[in-house]
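Notes for the one structure printed next.
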Amino acid sequence: MRELSLHILDLAQNSIEAGAHNVIIEINENENGFFVFRISDDGHGMSEEMVQKIRDPFVTTRTTRKVGMGIPFMDMVTKQCGGHLLIQSRKGKGTVVEAAFAKDNIDRPPLGDIVSSIKVLLVGTPYLELKFIYKIGTSGFDIDTRVIRSLLGDEADFTRPEVYTWFEEYLKQEISQLRCEQEV
Amino acid sequence: MKTLEDLKALREKLKADMKVRQNDGTKIIIGMGTCGIAAGAREVMSAVLNELAVRKLNDVQVQQTGCIGMCEKEVLVDIVRPGEPRITYGKVKPEDVKKIIAEHVVNGRIVEEMVVGKIMQD
């Protein structure tokens with residue numbers, strides 16, 4: 001995949017398929033010299049045996065085909081970029097996937113259109129509670145769908161065009177502000 | 001400048017619109033497995049969401065599904081109009097979205113050259 005944002009969307013879809021209702025997506029462009037993203041969920045988790053095997057493309061939980069490429073792809077890309085892929089999971093508790101890339105590695109795919117990934121995720125899974133954290137070093141911002149839901153009350157529905165359009169514009173604005181501040 | 005304060009005004013506006021929104025309308029279902037995402041499902045879904053917002057098609061529901069085993073035909077987009085067969089379009093590109101929405105979703109005319117499957121609803 002061309003963009004890290006597509007991997008993030010793919011990994012978040014795994015969380016949803018694992019029955020998660022709460023997901024945290026955290027991106028830090030500079031965490032101790034690494035570009036890092038982390039996806040934490042409260043889905044049904046995996047056994048230790050599954051965690052050991054999951055980097056193998058011929059291991060998958062799906063029934064429609066016998067090859068699962070999401071995690072093996074991610075594992076390969078992080079390693080090619082002087083980083084790592086960490087997977088921690090507990091059955092019945094949830095899963096945390098952390099991908100790290102050496103910050104200035106020229107092979108690292110660009111983050112790409114993270115706003116579209118988040119929007120598509122929320123519209124496609126309207127019951128999801130998502131906390132999104134975006135940092136560059138120690139400065140950053142976060143947004144929680146619970147806050148948006150409490151302000152919108154009964155009208156809080158991410159499938160409504162007015163809501164996802166507002167959210168898209170808000171996220172774009174916050175990310176570009178953060179990036180501008182960093183350049184000063 | 002967007003602020004969280006906007007949401008209070010938006011809430012009032014949505015409350016007024018709610019009366020005209022129906023939930024038994026047309027469904028658009030997009031394949032969002034790894035295969036779909038790698039083939040461009042995010043861009044297709046974004047194009048669908050933009051088109052629905054521009055045309056103010058508030059009663060169309062957008063849903064996603066995982067891999068259904070036709071990975072080579074991704075991006076897969078299904079259109080289900082109430083009481084009509086479920087139509088699956090394959091190899092959908094963002095630039096095809098306008099046509100599918102105008103022809104099929106709005107006017108009920110299936111875009112035959114892009115169809116890869118048809119399921120009768122019971």
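Please note that chains go A, B, ... in the order of the structure tokens, that every chain numbers its residues from 1, and that ligands are numbered from 1 in the order shown.
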_as a PyMOL selection string, please: every residue in segment 50-177 of chain A that a backbone DSSP assignment puts in helix (DSSP H, G or I)._
chain A and resi 50-53+70-80+114-124+145-155+161-177
Nearby residues (only C-alpha atoms) at most 12 Å from Val77 of chain B, same-chain spacing under 3 positions excluded, as an mmCIF file with C-alpha atoms, in the first residue's frame:
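Contents of around-v6.cif, freshly written:
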data_model
loop_
_atom_site.group_PDB
_atom_site.id
_atom_site.type_symbol
_atom_site.label_atom_id
_atom_site.label_comp_id
_atom_site.auth_asym_id
_atom_site.auth_seq_id
_atom_site.Cartn_x
_atom_site.Cartn_y
_atom_site.Cartn_z
ATOM 1 C CA LYS B 27 -27.969 1.117 0.614
ATOM 2 C CA ILE B 28 -24.455 1.426 -0.784
ATOM 3 C CA ILE B 29 -22.079 -1.252 0.535
ATOM 4 C CA ILE B 30 -18.320 -1.019 -0.041
ATOM 5 C CA GLY B 31 -15.736 -3.811 0.414
ATOM 6 C CA MET B 32 -13.190 -2.661 3.017
ATOM 7 C CA GLY B 36 -10.478 -3.593 -1.058
ATOM 8 C CA GLY B 40 -8.633 1.937 -3.600
ATOM 9 C CA ALA B 41 -11.782 1.375 -1.503
ATOM 10 C CA ARG B 42 -11.030 4.391 0.694
ATOM 11 C CA VAL B 44 -14.154 5.151 -3.709
ATOM 12 C CA MET B 45 -15.953 5.510 -0.380
ATOM 13 C CA VAL B 48 -19.419 8.275 -2.577
ATOM 14 C CA VAL B 62 -23.424 3.827 3.269
ATOM 15 C CA GLN B 63 -22.134 0.612 4.814
ATOM 16 C CA GLN B 64 -18.923 -1.374 4.621
ATOM 17 C CA THR B 65 -18.166 -5.041 4.496
ATOM 18 C CA GLY B 66 -14.996 -7.128 4.792
ATOM 19 C CA CYS B 67 -13.437 -9.362 2.155
ATOM 20 C CA ILE B 68 -16.054 -11.487 0.406
ATOM 21 C CA MET B 70 -13.693 -11.691 -4.943
ATOM 22 C CA LYS B 73 -12.565 -7.641 -8.640
ATOM 23 C CA GLU B 74 -12.102 -5.065 -5.892
ATOM 24 C CA VAL B 80 -29.455 -2.212 -2.889
ATOM 25 C CA ARG B 86 -28.702 -6.434 -4.956
ATOM 26 C CA ILE B 87 -26.312 -5.351 -7.693
ATOM 27 C CA THR B 88 -22.541 -5.753 -7.285
ATOM 28 C CA TYR B 89 -20.235 -3.505 -9.278
ATOM 29 C CA GLY B 90 -16.582 -4.528 -9.682
ATOM 30 C CA LYS B 91 -13.294 -2.723 -10.300
ATOM 31 C CA VAL B 92 -14.947 0.531 -9.321
ATOM 32 C CA LYS B 93 -12.777 3.649 -9.552
ATOM 33 C CA PRO B 94 -13.536 6.977 -7.816
ATOM 34 C CA ASP B 96 -17.107 5.838 -11.758
ATOM 35 C CA VAL B 97 -18.940 6.901 -8.602
ATOM 36 C CA ILE B 100 -23.305 4.878 -10.529
ATOM 37 C CA ILE B 101 -25.036 7.318 -8.181
ATOM 38 C CA HIS B 104 -28.549 3.618 -10.439
ATOM 39 C CA VAL B 105 -29.062 5.206 -7.017
ATOM 40 C CA MET B 114 -19.740 -2.635 -14.594
ATOM 41 C CA VAL B 115 -21.924 -5.315 -12.996
ATOM 42 C CA VAL B 116 -20.170 -8.453 -11.675
ATOM 43 C CA GLY B 117 -23.043 -9.939 -9.680
ATOM 44 C CA LYS B 118 -26.740 -9.810 -9.078
#
_Interface, chain B side, toward chain A (8 Å; only C-alpha atoms) as a count of residues only_ = 31
*Tell me, as a list in words, which residues lie within 8 Å of Leu128 of chain A, counting only C-alpha atoms; anything in the same chain fewer than 3 positions away does not count.*
Ala20, His21, Asn22, Val23, Leu122 and Thr125 of chain A
Would you put the residues from that selection into a file with N, CA, C and O atoms, as a compact mmCIF listing (two decimals), in the first residue's frame?
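Saved result, result05.txt, follows:
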# COMPACT_ATOMS: atom_id res chain seq x y z
N ALA A 20 -14.38 -4.76 18.33
CA ALA A 20 -14.05 -3.59 19.15
C ALA A 20 -15.13 -2.52 19.04
O ALA A 20 -15.72 -2.32 17.98
N HIS A 21 -15.41 -1.85 20.17
CA HIS A 21 -16.29 -0.68 20.17
C HIS A 21 -15.49 0.58 20.47
O HIS A 21 -15.95 1.68 20.22
N ASN A 22 -14.31 0.40 21.05
CA ASN A 22 -13.46 1.54 21.40
C ASN A 22 -12.09 1.34 20.77
O ASN A 22 -11.44 0.31 20.99
N VAL A 23 -11.66 2.34 20.01
CA VAL A 23 -10.36 2.26 19.34
C VAL A 23 -9.61 3.57 19.59
O VAL A 23 -10.22 4.64 19.60
N LEU A 122 -15.15 6.06 10.47
CA LEU A 122 -16.27 6.47 11.33
C LEU A 122 -17.62 6.33 10.63
O LEU A 122 -18.60 5.94 11.26
N THR A 125 -18.47 2.55 10.37
CA THR A 125 -18.73 1.89 11.66
C THR A 125 -19.30 2.92 12.62
O THR A 125 -18.62 3.39 13.53
*as a ChimeraX atom specification, please: all residues of segment 10-142 of chain A that backbone DSSP puts in strand (DSSP E).*
/A:22-31,34-41,84-90,94-102,129-136,139-142
*Report the distance between atom CA of Cys180 of chain A and atom CA of Gly33 of chain A in Å, rounded to one decimal place.*
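Spanning atom CA of Cys180 of chain A to atom CA of Gly33 of chain A is a straight-line distance of 19.9 Å.
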_Spatial neighbours of Leu178 of chain A, max dist 9 Å, only C-alpha atoms, sep filter under 6 positions, as a PyMOL selection string_ = chain A and resi 134-136+139-141
Please produce a file of the residues just selected, as a PDB file, in the first residue's frame, where the atoms kept are C-alpha atoms.
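Now in again32.pdb:
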ATOM      1  CA  TYR A 134      -1.802  13.282  16.495  1.00  0.00           C
ATOM      2  CA  LYS A 135       1.581  14.425  17.763  1.00  0.00           C
ATOM      3  CA  ILE A 136       4.818  15.819  16.478  1.00  0.00           C
ATOM      4  CA  SER A 139       3.054  18.898  20.946  1.00  0.00           C
ATOM      5  CA  GLY A 140      -0.141  17.668  19.420  1.00  0.00           C
ATOM      6  CA  PHE A 141      -3.901  17.478  19.602  1.00  0.00           C
TER       7      PHE A 141
END
*In Å, how far is it from atom CA of Arg146 of chain A to atom CA of Ile24 of chain A?*
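Atom-to-atom, atom CA of Arg146 of chain A and atom CA of Ile24 of chain A are spaced 12.1 Å apart.
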*Between atom CA of Leu86 of chain A and atom CA of Ala102 of chain A, what is the spacing in Å?*
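For atom CA of Ala102 of chain A relative to atom CA of Leu86 of chain A, the distance reads 14.5 Å.
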